[in-house]
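Chemist: My structure is in start.txt, and what it holds is compact mmCIF, C-alpha atoms:
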```
# COMPACT_ATOMS: atom_id res chain seq x y z
CA MET A 1 -20.77 -27.64 -29.96
CA ASN A 2 -18.18 -26.85 -32.64
CA ASP A 3 -17.47 -23.24 -33.56
CA HIS A 4 -19.67 -23.75 -36.59
CA SER A 5 -21.95 -26.50 -37.80
CA GLN A 6 -23.35 -27.50 -41.16
CA HIS A 7 -26.85 -27.84 -42.48
CA ALA A 8 -28.43 -28.66 -45.81
CA GLY A 9 -26.42 -27.28 -48.70
CA ASP A 10 -23.20 -27.29 -46.60
CA THR A 11 -23.89 -23.74 -45.42
CA PRO A 12 -21.98 -23.13 -42.16
CA LEU A 13 -23.97 -22.24 -39.06
CA TYR A 14 -22.38 -20.38 -36.15
CA PRO A 15 -23.28 -20.45 -32.41
CA ILE A 16 -24.08 -17.19 -30.70
CA ARG A 17 -20.69 -16.90 -29.00
CA GLU A 18 -18.96 -17.04 -32.39
CA VAL A 19 -21.30 -14.45 -33.88
CA SER A 20 -20.60 -12.22 -30.90
CA ARG A 21 -16.86 -12.61 -31.49
CA ILE A 22 -17.14 -11.87 -35.22
CA THR A 23 -19.44 -8.85 -34.95
CA GLY A 24 -18.50 -7.41 -31.56
CA VAL A 25 -22.16 -7.46 -30.46
CA ASN A 26 -22.66 -9.26 -27.17
CA SER A 27 -25.06 -12.17 -26.86
CA VAL A 28 -27.53 -10.24 -24.68
CA THR A 29 -27.94 -7.62 -27.41
CA LEU A 30 -28.27 -10.25 -30.15
CA ARG A 31 -31.08 -11.94 -28.22
CA ALA A 32 -32.81 -8.59 -27.62
CA TRP A 33 -32.68 -7.73 -31.31
CA GLU A 34 -34.28 -11.09 -32.05
CA ARG A 35 -36.96 -11.17 -29.34
CA ARG A 36 -37.96 -7.54 -29.11
CA TYR A 37 -37.62 -6.36 -32.70
CA GLY A 38 -37.36 -9.48 -34.87
CA LEU A 39 -34.29 -8.07 -36.61
CA ILE A 40 -32.57 -11.44 -36.87
CA LYS A 41 -34.04 -14.94 -36.98
CA PRO A 42 -31.46 -17.60 -36.17
CA GLN A 43 -32.18 -21.29 -36.53
CA ARG A 44 -32.41 -23.55 -33.49
CA THR A 45 -30.90 -26.90 -32.62
CA PRO A 46 -33.17 -29.61 -31.16
CA LYS A 47 -31.99 -28.41 -27.72
CA GLY A 48 -32.91 -24.80 -28.51
CA HIS A 49 -29.43 -23.38 -29.12
CA ARG A 50 -29.26 -20.56 -31.65
CA LEU A 51 -27.39 -21.09 -34.91
CA TYR A 52 -26.65 -18.20 -37.27
CA ALA A 53 -26.00 -18.43 -41.01
CA ARG A 54 -23.58 -16.14 -42.83
CA GLU A 55 -26.60 -14.11 -43.99
CA ASP A 56 -27.54 -13.51 -40.34
CA ILE A 57 -24.04 -12.23 -39.59
CA GLU A 58 -24.22 -9.88 -42.57
CA ARG A 59 -27.58 -8.66 -41.29
CA VAL A 60 -26.07 -7.93 -37.87
CA GLU A 61 -23.35 -5.90 -39.57
CA GLN A 62 -26.02 -3.97 -41.51
CA ILE A 63 -27.84 -3.25 -38.24
CA LEU A 64 -24.61 -1.86 -36.79
CA GLN A 65 -24.16 0.40 -39.81
CA TRP A 66 -27.61 1.93 -39.33
CA LEU A 67 -27.13 2.32 -35.57
CA ASN A 68 -23.78 4.04 -36.12
CA ARG A 69 -25.55 6.51 -38.42
CA GLY A 70 -27.89 7.48 -35.59
CA VAL A 71 -30.96 5.44 -36.55
CA PRO A 72 -32.94 4.15 -33.53
CA VAL A 73 -33.07 0.38 -33.24
CA SER A 74 -36.88 0.57 -33.51
CA GLN A 75 -36.54 1.96 -37.07
CA VAL A 76 -33.83 -0.36 -38.35
CA GLY A 77 -36.16 -3.22 -39.32
CA GLU A 78 -38.01 -1.32 -42.03
CA LEU A 79 -34.71 -0.08 -43.46
CA LEU A 80 -33.30 -3.58 -43.66
CA ASP A 81 -36.39 -4.59 -45.64
CA ARG A 82 -35.80 -1.72 -48.08
CA PRO A 83 -32.27 -2.37 -49.36
CA GLU A 84 -32.63 0.39 -51.94
CA ALA A 85 -32.61 2.98 -49.16
CA SER A 86 -29.19 4.61 -49.19
CA GLU A 87 -29.64 7.43 -46.71
CA ALA A 88 -30.65 7.10 -43.11
CA PRO A 89 -33.76 9.06 -42.14
CA PRO A 90 -33.46 11.66 -39.42
CA ALA A 91 -33.16 10.00 -36.04
CA ASP A 92 -36.33 10.00 -33.96
CA ALA A 93 -36.15 13.05 -31.73
CA SER A 94 -37.47 10.94 -28.87
CA ASP A 95 -34.66 8.39 -29.16
CA TRP A 96 -31.07 9.40 -28.28
CA PRO A 97 -31.90 12.97 -27.24
CA GLY A 98 -34.91 11.67 -25.37
CA GLN A 99 -32.90 8.95 -23.64
CA ARG A 100 -30.22 11.47 -22.69
CA ALA A 101 -32.85 13.76 -21.19
CA GLN A 102 -34.37 10.87 -19.24
CA LEU A 103 -30.98 9.86 -17.93
CA VAL A 104 -30.10 13.38 -16.78
CA THR A 105 -33.48 13.66 -15.07
CA ALA A 106 -32.98 10.34 -13.29
CA VAL A 107 -29.56 11.41 -12.02
CA GLU A 108 -30.77 14.79 -10.82
CA ALA A 109 -33.77 13.19 -9.08
CA LEU A 110 -31.57 10.44 -7.58
CA ASP A 111 -34.05 7.98 -9.11
CA LEU A 112 -31.94 4.83 -8.94
CA ALA A 113 -34.75 2.57 -10.12
CA ARG A 114 -35.14 4.60 -13.30
CA LEU A 115 -31.38 4.76 -13.68
CA GLU A 116 -31.23 0.97 -13.48
CA THR A 117 -33.89 0.63 -16.16
CA LEU A 118 -32.16 3.04 -18.54
CA TYR A 119 -28.77 1.41 -17.99
CA ALA A 120 -30.03 -2.12 -18.59
CA GLN A 121 -32.14 -1.07 -21.56
CA SER A 122 -29.31 0.77 -23.32
CA LEU A 123 -26.76 -2.01 -22.97
CA SER A 124 -29.21 -4.74 -23.93
CA LEU A 125 -30.35 -3.04 -27.15
CA TYR A 126 -27.18 -1.36 -28.40
CA PRO A 127 -23.48 -2.28 -28.64
CA VAL A 128 -21.35 -0.79 -25.88
CA ALA A 129 -19.52 1.56 -28.27
CA VAL A 130 -22.82 3.02 -29.51
CA CYS A 131 -24.19 3.41 -25.96
CA LEU A 132 -21.08 5.24 -24.85
CA ALA A 133 -20.94 7.53 -27.88
CA GLU A 134 -24.63 8.39 -28.06
CA LEU A 135 -25.81 8.21 -24.46
CA TRP A 136 -23.43 7.84 -21.55
CA ALA A 137 -20.48 10.02 -22.57
CA PRO A 138 -22.69 12.96 -23.67
CA VAL A 139 -24.70 12.72 -20.44
CA VAL A 140 -21.58 12.64 -18.25
CA GLN A 141 -20.16 15.60 -20.16
CA ALA A 142 -23.41 17.55 -19.75
CA LEU A 143 -23.56 16.79 -16.04
CA GLU A 144 -19.88 17.68 -15.50
CA GLU A 145 -20.50 21.06 -17.11
CA ARG A 146 -23.63 21.60 -15.01
CA TRP A 147 -22.25 20.54 -11.64
CA GLY A 148 -20.65 23.30 -9.62
CA GLU A 149 -21.30 24.65 -6.17
CA ARG A 150 -25.05 24.08 -6.05
CA LEU A 151 -26.50 22.18 -3.13
CA GLY A 152 -26.96 18.59 -4.22
CA ASP A 153 -24.37 18.52 -7.03
CA THR A 154 -21.90 16.43 -5.03
CA LEU A 155 -24.66 14.04 -4.01
CA GLN A 156 -25.67 13.56 -7.65
CA ARG A 157 -22.09 12.88 -8.70
CA LEU A 158 -21.38 10.42 -5.91
CA SER A 159 -24.68 8.60 -6.47
CA LEU A 160 -24.01 8.18 -10.19
CA GLU A 161 -20.43 7.07 -9.51
CA ALA A 162 -21.58 4.48 -6.97
CA PHE A 163 -24.23 3.20 -9.39
CA LEU A 164 -21.83 2.85 -12.32
CA ARG A 165 -19.01 1.47 -10.18
CA THR A 166 -21.23 -1.41 -9.09
CA ARG A 167 -22.68 -2.19 -12.54
CA ILE A 168 -19.51 -1.70 -14.55
CA GLY A 169 -17.41 -3.41 -11.86
CA THR A 170 -19.62 -6.50 -12.08
CA ARG A 171 -19.35 -6.44 -15.86
CA LEU A 172 -15.56 -6.18 -15.70
CA TYR A 173 -15.36 -9.07 -13.24
CA HIS A 174 -17.16 -11.42 -15.60
CA ALA A 175 -15.52 -10.07 -18.77
CA ASN A 176 -11.97 -10.32 -17.42
CA GLY A 177 -12.34 -14.08 -17.08
CA GLN A 178 -13.04 -14.41 -20.80
CA ALA A 179 -11.18 -11.44 -22.29
CA PRO A 180 -8.49 -12.46 -24.79
CA GLY A 181 -6.46 -9.28 -24.52
CA PRO A 182 -3.60 -8.02 -22.35
CA VAL A 183 -4.05 -6.40 -18.95
CA LEU A 184 -4.74 -2.65 -18.94
CA LEU A 185 -4.14 -0.87 -15.63
CA MET A 186 -6.47 2.10 -15.16
CA VAL A 187 -5.97 4.79 -12.52
CA PRO A 188 -7.41 8.31 -12.11
CA LEU A 189 -5.27 11.41 -12.05
CA PRO A 190 -4.52 12.83 -8.60
CA ASP A 191 -6.96 15.52 -7.45
CA ASP A 192 -9.57 14.61 -10.05
CA PRO A 193 -13.03 15.23 -8.54
CA GLY A 194 -14.56 11.94 -9.66
CA THR A 195 -14.28 8.65 -11.50
CA LEU A 196 -17.07 8.88 -14.09
CA TRP A 197 -14.75 9.17 -17.10
CA GLN A 198 -12.60 6.36 -15.75
CA LEU A 199 -15.62 4.07 -15.42
CA LEU A 200 -16.80 4.82 -18.97
CA ALA A 201 -13.29 4.29 -20.34
CA ALA A 202 -13.05 1.00 -18.43
CA LEU A 203 -16.30 -0.17 -20.03
CA ALA A 204 -14.99 0.80 -23.47
CA ALA A 205 -11.66 -0.96 -22.92
CA SER A 206 -13.33 -4.11 -21.64
CA ASP A 207 -15.62 -4.13 -24.66
CA ARG A 208 -12.52 -4.04 -26.87
CA GLY A 209 -11.25 -7.22 -25.21
CA TYR A 210 -8.74 -5.89 -22.66
CA ARG A 211 -8.55 -7.33 -19.17
CA VAL A 212 -9.10 -4.21 -17.12
CA SER A 213 -7.49 -3.76 -13.72
CA LEU A 214 -9.32 -0.78 -12.26
CA LEU A 215 -8.09 1.31 -9.34
CA ASP A 216 -10.67 3.96 -8.56
CA THR A 217 -8.44 6.04 -6.30
CA PRO A 218 -5.11 7.63 -7.33
CA LEU A 219 -1.96 5.60 -6.76
CA PRO A 220 1.29 7.38 -5.81
CA PHE A 221 3.33 7.69 -8.97
CA GLY A 222 6.27 6.00 -7.28
CA GLU A 223 4.22 2.83 -6.91
CA LEU A 224 2.92 2.65 -10.48
CA PRO A 225 5.96 0.73 -11.84
CA LEU A 226 5.47 -1.80 -9.04
CA ALA A 227 1.76 -2.06 -9.87
CA VAL A 228 2.53 -2.65 -13.55
CA GLU A 229 4.92 -5.46 -12.68
CA ALA A 230 2.72 -7.05 -10.04
CA LEU A 231 -0.41 -7.02 -12.22
CA GLY A 232 1.34 -7.93 -15.45
CA ALA A 233 -0.07 -4.83 -17.13
CA ALA A 234 0.81 -4.13 -20.75
CA GLY A 235 -0.24 -0.50 -20.49
CA VAL A 236 -1.44 2.21 -18.11
CA LEU A 237 -4.47 4.39 -18.86
CA MET A 238 -4.99 7.48 -16.70
CA THR A 239 -8.20 9.50 -16.83
CA GLY A 240 -9.23 12.97 -15.76
CA SER A 241 -12.37 15.07 -16.04
CA HIS A 242 -10.74 18.52 -15.91
CA ALA A 243 -7.50 20.24 -16.90
CA GLY A 244 -5.44 18.96 -13.98
CA ARG A 245 -2.57 20.76 -12.25
CA SER A 246 -0.04 22.35 -14.56
CA ASP A 247 3.00 20.86 -12.79
CA LEU A 248 1.37 17.43 -12.85
CA VAL A 249 0.75 17.52 -16.59
CA ARG A 250 3.91 19.29 -17.71
CA ARG A 251 6.48 17.58 -15.47
CA GLN A 252 5.22 14.64 -13.42
CA LEU A 253 3.40 12.72 -16.16
CA PRO A 254 6.31 12.89 -18.67
CA ARG A 255 8.69 11.80 -15.91
CA LEU A 256 6.39 8.90 -15.04
CA ALA A 257 6.25 7.84 -18.71
CA GLU A 258 10.05 7.59 -18.71
CA GLN A 259 9.98 5.34 -15.63
CA LEU A 260 7.42 2.89 -16.97
CA GLU A 261 8.33 0.04 -19.28
CA VAL A 262 4.82 0.06 -20.81
CA PRO A 263 2.86 2.83 -22.58
CA LEU A 264 1.40 5.57 -20.39
CA THR A 265 -1.79 6.90 -21.96
CA LEU A 266 -4.19 9.70 -21.04
CA CYS A 267 -7.92 9.82 -21.70
CA GLY A 268 -10.89 12.07 -20.91
CA PRO A 269 -11.37 15.85 -20.98
CA VAL A 270 -7.88 16.35 -19.54
CA ALA A 271 -6.43 14.72 -22.68
CA ARG A 272 -8.28 17.17 -24.92
CA ILE A 273 -7.46 20.22 -22.81
CA ARG A 274 -3.78 19.38 -22.23
CA GLU A 275 -2.86 17.80 -25.57
CA ALA A 276 -0.59 20.69 -26.56
CA ASN A 277 1.33 20.39 -23.29
CA LEU A 278 2.21 16.75 -23.92
CA THR A 279 3.14 16.68 -27.60
CA GLU A 280 6.87 16.29 -26.92
CA SER A 281 6.46 13.90 -23.99
CA GLY A 282 6.26 10.14 -23.75
CA VAL A 283 2.60 10.32 -22.70
CA ALA A 284 0.21 9.07 -25.39
CA VAL A 285 -2.77 11.45 -25.52
CA LEU A 286 -5.91 9.53 -26.51
CA GLY A 287 -8.50 12.34 -26.34
CA ASP A 288 -12.00 12.32 -24.88
CA ASP A 289 -13.82 10.52 -27.71
CA LEU A 290 -13.88 7.00 -26.27
CA GLY A 291 -14.20 5.28 -29.64
CA LEU A 292 -11.17 7.06 -31.06
CA ALA A 293 -9.33 6.66 -27.76
CA MET A 294 -9.71 2.87 -27.89
CA ALA A 295 -8.54 2.80 -31.51
CA ARG A 296 -5.42 4.79 -30.57
CA LEU A 297 -4.86 2.57 -27.55
CA GLY A 298 -4.94 -0.46 -29.84
CA ASP A 299 -1.95 0.94 -31.75
CA LEU A 300 0.09 1.03 -28.54
CA MET A 301 -0.93 -2.18 -26.77
CA PRO A 302 0.01 -5.75 -27.71
CA PRO A 303 -2.44 -7.19 -30.27
CA LEU A 304 -5.65 -8.76 -29.04
CA SER A 305 -5.59 -12.54 -29.42
CA ARG A 306 -9.10 -12.94 -30.76
```
Before we go any further, please render this structure as structure tokens.
Modeler:
Amino acid sequence: MNDHSQHAGDTPLYPIREVSRITGVNSVTLRAWERRYGLIKPQRTPKGHRLYAREDIERVEQILQWLNRGVPVSQVGELLDRPEASEAPPADASDWPGQRAQLVTAVEALDLARLETLYAQSLSLYPVAVCLAELWAPVVQALEERWGERLGDTLQRLSLEAFLRTRIGTRLYHANGQAPGPVLLMVPLPDDPGTLWQLLAALAASDRGYRVSLLDTPLPFGELPLAVEALGAAGVLMTGSHAGRSDLVRRQLPRLAEQLEVPLTLCGPVARIREANLTESGVAVLGDDLGLAMARLGDLMPPLSR
């Protein structure tokens, strides 16, 4: 099938893969919006393939605008049918806050079946960037602040890490084969207690089109230049969930940035906490807002060949 077809009136029609490329919404989410909520109604070929008109693409973009303003997907339909509405209504208190509460409860109860349901549901109904901003990043932040020395905290962390490592790892495996962008090498900071921020950042980077090479254990700094060369990486993204050691941030990271021939970037809570310590270094501080972090990363990496 060509990237776009024609129908009566010479109006171009686009296959689902092209609509996904144009809008950034994956095909699973597009189908869910159609089947579950009737938000879009593509035409069909005789063989059942979906074809989207320009009006459908504009409607998808309108849906994204409402979702980014905090409106639950279940309420978007009535707003699309009332184009005079200029202000989003208050988000349903049972939607994002409710989903966050359910997710925290599932993690604390080690309810992997419920965790699976919430994970699949969130990524099938919402774009990855929205899921990360509204659900997963706030939940990880809340859990990180709650976890301490209580009995069971380590078990909760390790269980959630294992769950996300499997699901996100599978997603990266399939996405890397189709991603148009350069390779991004991701490694955690030494002594960081976990990999949750790294996994979320990897999901965000993959969604932006980078081919993510993920190492979930720290690599000796002396081997990072070798890893960059061997993997053909165009950039290195390090993540950390806490402040990190002072000598590591103030001396070792800037020294490493000088040794690498590609950008060295830092993401997660460590980037927010230690930003002032790295202003005069060669380390690019991306912050802990994953959406903004990916935008800043895009200014440093080679352009995506979409």
Chemist: Rank A:Leu79, A:Ala257, A:Ala175, A:Leu132 by their smallest atom-to-atom distance to Leu237 of chain A, using all atoms listed in the file, and report the top residue only.
Modeler: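 Under the stated criterion, the closest residue is A:Ala257.
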Chemist: Could you tell me how far atom CA of Arg69 of chain A sits from atom CA of Tyr14 of chain A, in Å to one decimal place?
Modeler: 27.2 Å
Chemist: Name all residues at most 8 Å from segment 217-233 of chain A (count only C-alpha atoms; drop same-chain ones fewer than 4 positions away) and give them as a list in words.
Modeler: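 Non-adjacent residues within range: Pro182, Val183, Leu184, Leu185, Val187, Pro188, Leu189, Pro190, Ser213, Leu256, Gln259, Leu260, Glu261 and Val262 of chain A.
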Chemist: Could I get the residues of segment 131-219 of chain A with an atom no further than 12 Å from an atom of segment 24-35 of chain A, each paired with its nearest atom pair and that distance in Å to one decimal, using all atoms listed in the file, sorted by chain and residue number, as CSV?
Modeler:
```
residue,atom,partner,partner_atom,distance
A:Cys131,CA,A:Thr29,CA,11.7
A:Ala175,CA,A:Asn26,CA,11.1
A:Ser206,CA,A:Gly24,CA,11.7
A:Asp207,CA,A:Gly24,CA,8.2
A:Arg208,CA,A:Gly24,CA,8.3
A:Gly209,CA,A:Gly24,CA,9.6
```
Chemist: Select, from A:Asp111, A:Asn176, A:Thr170, A:Glu134, the residue with the minimum atom-to-atom distance to Gln156 of chain A, counting all atoms listed in the file.
Modeler: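 The shortest atom-to-atom distance to Gln156 of chain A comes from A:Asp111.
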Chemist: When you look at segment 114-125 of chain A with a cut-off of 12 Å (counting all atoms listed in the file), what residues show up, excluding the ones that are within fewer than 6 positions of it in the same chain? I need them as a VMD selection string.
Modeler: chain A and resid 25 to 37 39 63 to 64 67 72 to 74 95 to 96 98 to 108 131 to 136 159 to 164 166 to 168 171 203 207
Chemist: Just write the chosen residues, C-alpha atoms, as a CSV table (one decimal), keeping the file's coordinate frame.
Modeler:
```csv
chain,number,residue,atom,x,y,z
A,25,VAL,CA,-22.2,-7.5,-30.5
A,26,ASN,CA,-22.7,-9.3,-27.2
A,27,SER,CA,-25.1,-12.2,-26.9
A,28,VAL,CA,-27.5,-10.2,-24.7
A,29,THR,CA,-27.9,-7.6,-27.4
A,30,LEU,CA,-28.3,-10.2,-30.2
A,31,ARG,CA,-31.1,-11.9,-28.2
A,32,ALA,CA,-32.8,-8.6,-27.6
A,33,TRP,CA,-32.7,-7.7,-31.3
A,34,GLU,CA,-34.3,-11.1,-32.0
A,35,ARG,CA,-37.0,-11.2,-29.3
A,36,ARG,CA,-38.0,-7.5,-29.1
A,37,TYR,CA,-37.6,-6.4,-32.7
A,39,LEU,CA,-34.3,-8.1,-36.6
A,63,ILE,CA,-27.8,-3.2,-38.2
A,64,LEU,CA,-24.6,-1.9,-36.8
A,67,LEU,CA,-27.1,2.3,-35.6
A,72,PRO,CA,-32.9,4.2,-33.5
A,73,VAL,CA,-33.1,0.4,-33.2
A,74,SER,CA,-36.9,0.6,-33.5
A,95,ASP,CA,-34.7,8.4,-29.2
A,96,TRP,CA,-31.1,9.4,-28.3
A,98,GLY,CA,-34.9,11.7,-25.4
A,99,GLN,CA,-32.9,9.0,-23.6
A,100,ARG,CA,-30.2,11.5,-22.7
A,101,ALA,CA,-32.8,13.8,-21.2
A,102,GLN,CA,-34.4,10.9,-19.2
A,103,LEU,CA,-31.0,9.9,-17.9
A,104,VAL,CA,-30.1,13.4,-16.8
A,105,THR,CA,-33.5,13.7,-15.1
A,106,ALA,CA,-33.0,10.3,-13.3
A,107,VAL,CA,-29.6,11.4,-12.0
A,108,GLU,CA,-30.8,14.8,-10.8
A,131,CYS,CA,-24.2,3.4,-26.0
A,132,LEU,CA,-21.1,5.2,-24.8
A,133,ALA,CA,-20.9,7.5,-27.9
A,134,GLU,CA,-24.6,8.4,-28.1
A,135,LEU,CA,-25.8,8.2,-24.5
A,136,TRP,CA,-23.4,7.8,-21.6
A,159,SER,CA,-24.7,8.6,-6.5
A,160,LEU,CA,-24.0,8.2,-10.2
A,161,GLU,CA,-20.4,7.1,-9.5
A,162,ALA,CA,-21.6,4.5,-7.0
A,163,PHE,CA,-24.2,3.2,-9.4
A,164,LEU,CA,-21.8,2.8,-12.3
A,166,THR,CA,-21.2,-1.4,-9.1
A,167,ARG,CA,-22.7,-2.2,-12.5
A,168,ILE,CA,-19.5,-1.7,-14.6
A,171,ARG,CA,-19.4,-6.4,-15.9
A,203,LEU,CA,-16.3,-0.2,-20.0
A,207,ASP,CA,-15.6,-4.1,-24.7
```
Chemist: Of the candidates A:Val249, A:Tyr126, A:Leu51, A:Thr45, which shows the shortest atom-to-atom distance to Pro12 of chain A, using only C-alpha atoms?
Modeler: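 Closest to Pro12 of chain A, using only C-alpha atoms: A:Leu51.
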Chemist: Select, from A:His174, A:Gln65, A:Ala113, A:Cys267, the residue with the minimum atom-to-atom distance to Leu292 of chain A, counting all atoms listed in the file.
Modeler: A:Cys267
Chemist: Can you sort out the box for segment 162-176 of chain A, edges along x, y and z, all listed atoms in, 3 Å on every side, with centre and edge lengths in Å to one decimal, as lines of an AutoDock Vina configuration file?
Modeler:
```
center_x = -18.1
center_y = -3.5
center_z = -12.9
size_x = 18.3
size_y = 21.9
size_z = 17.8
```
Chemist: Have a look at atom CA of Val285 of chain A and atom CA of Leu266 of chain A and let me know their distance in Å, one decimal.
Modeler: 5.0 Å
Chemist: At what distance in Å, to one decimal, does atom CA of Asp153 of chain A lie from atom CA of Leu110 of chain A?
Modeler: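 Calculated distance between atom CA of Leu110 of chain A and atom CA of Asp153 of chain A is 10.8 Å.
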Chemist: Report as a short mmCIF file (atom, residue, chain, number, x, y, z; two decimals) with C-alpha atoms, keeping the file's coordinate frame all protein, DNA and RNA residues lying within 8 Å of Pro263 of chain A, evaluated on all atoms listed in the file, omitting residues in the same chain fewer than 2 positions from it.
Modeler:
```cif
data_model
loop_
_atom_site.label_atom_id
_atom_site.label_comp_id
_atom_site.auth_asym_id
_atom_site.auth_seq_id
_atom_site.Cartn_x
_atom_site.Cartn_y
_atom_site.Cartn_z
CA ALA A 234 0.81 -4.13 -20.75
CA GLY A 235 -0.24 -0.50 -20.49
CA VAL A 236 -1.44 2.21 -18.11
CA ALA A 257 6.25 7.84 -18.71
CA LEU A 260 7.42 2.89 -16.97
CA GLU A 261 8.33 0.04 -19.28
CA THR A 265 -1.79 6.90 -21.96
CA VAL A 283 2.60 10.32 -22.70
CA ALA A 284 0.21 9.07 -25.39
CA LEU A 300 0.09 1.03 -28.54
CA MET A 301 -0.93 -2.18 -26.77
#
```
Chemist: Between A:Arg211, A:Arg272, A:His49, A:Arg59, single out the one closest to Gln178 of chain A, counting only C-alpha atoms.
Modeler: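 Of A:Arg211, A:Arg272, A:His49, A:Arg59, the one nearest Gln178 of chain A, counting only C-alpha atoms, is A:Arg211.
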Chemist: For segment 269-271 of chain A, please output as a list of chain:residue names all residues within 8 Å (counting only C-alpha atoms; exclusion window: fewer than 4 positions along the same chain).
Modeler: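 Residues meeting the cut-off are A:Thr239, A:Gly240, A:Ser241, A:His242, A:Ala243, A:Gly244, A:Glu275, A:Val285, A:Leu286, A:Gly287, A:Asp288.
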Chemist: Can you list, as JSON, numbers by chain, every protein, DNA or RNA residue that comes within 10 Å of Asp216 of chain A when you count only C-alpha atoms, leaving out same-chain residues fewer than 5 positions away?
Modeler: {"A": [165, 186, 187, 188, 189, 194, 195, 196, 198, 199]}
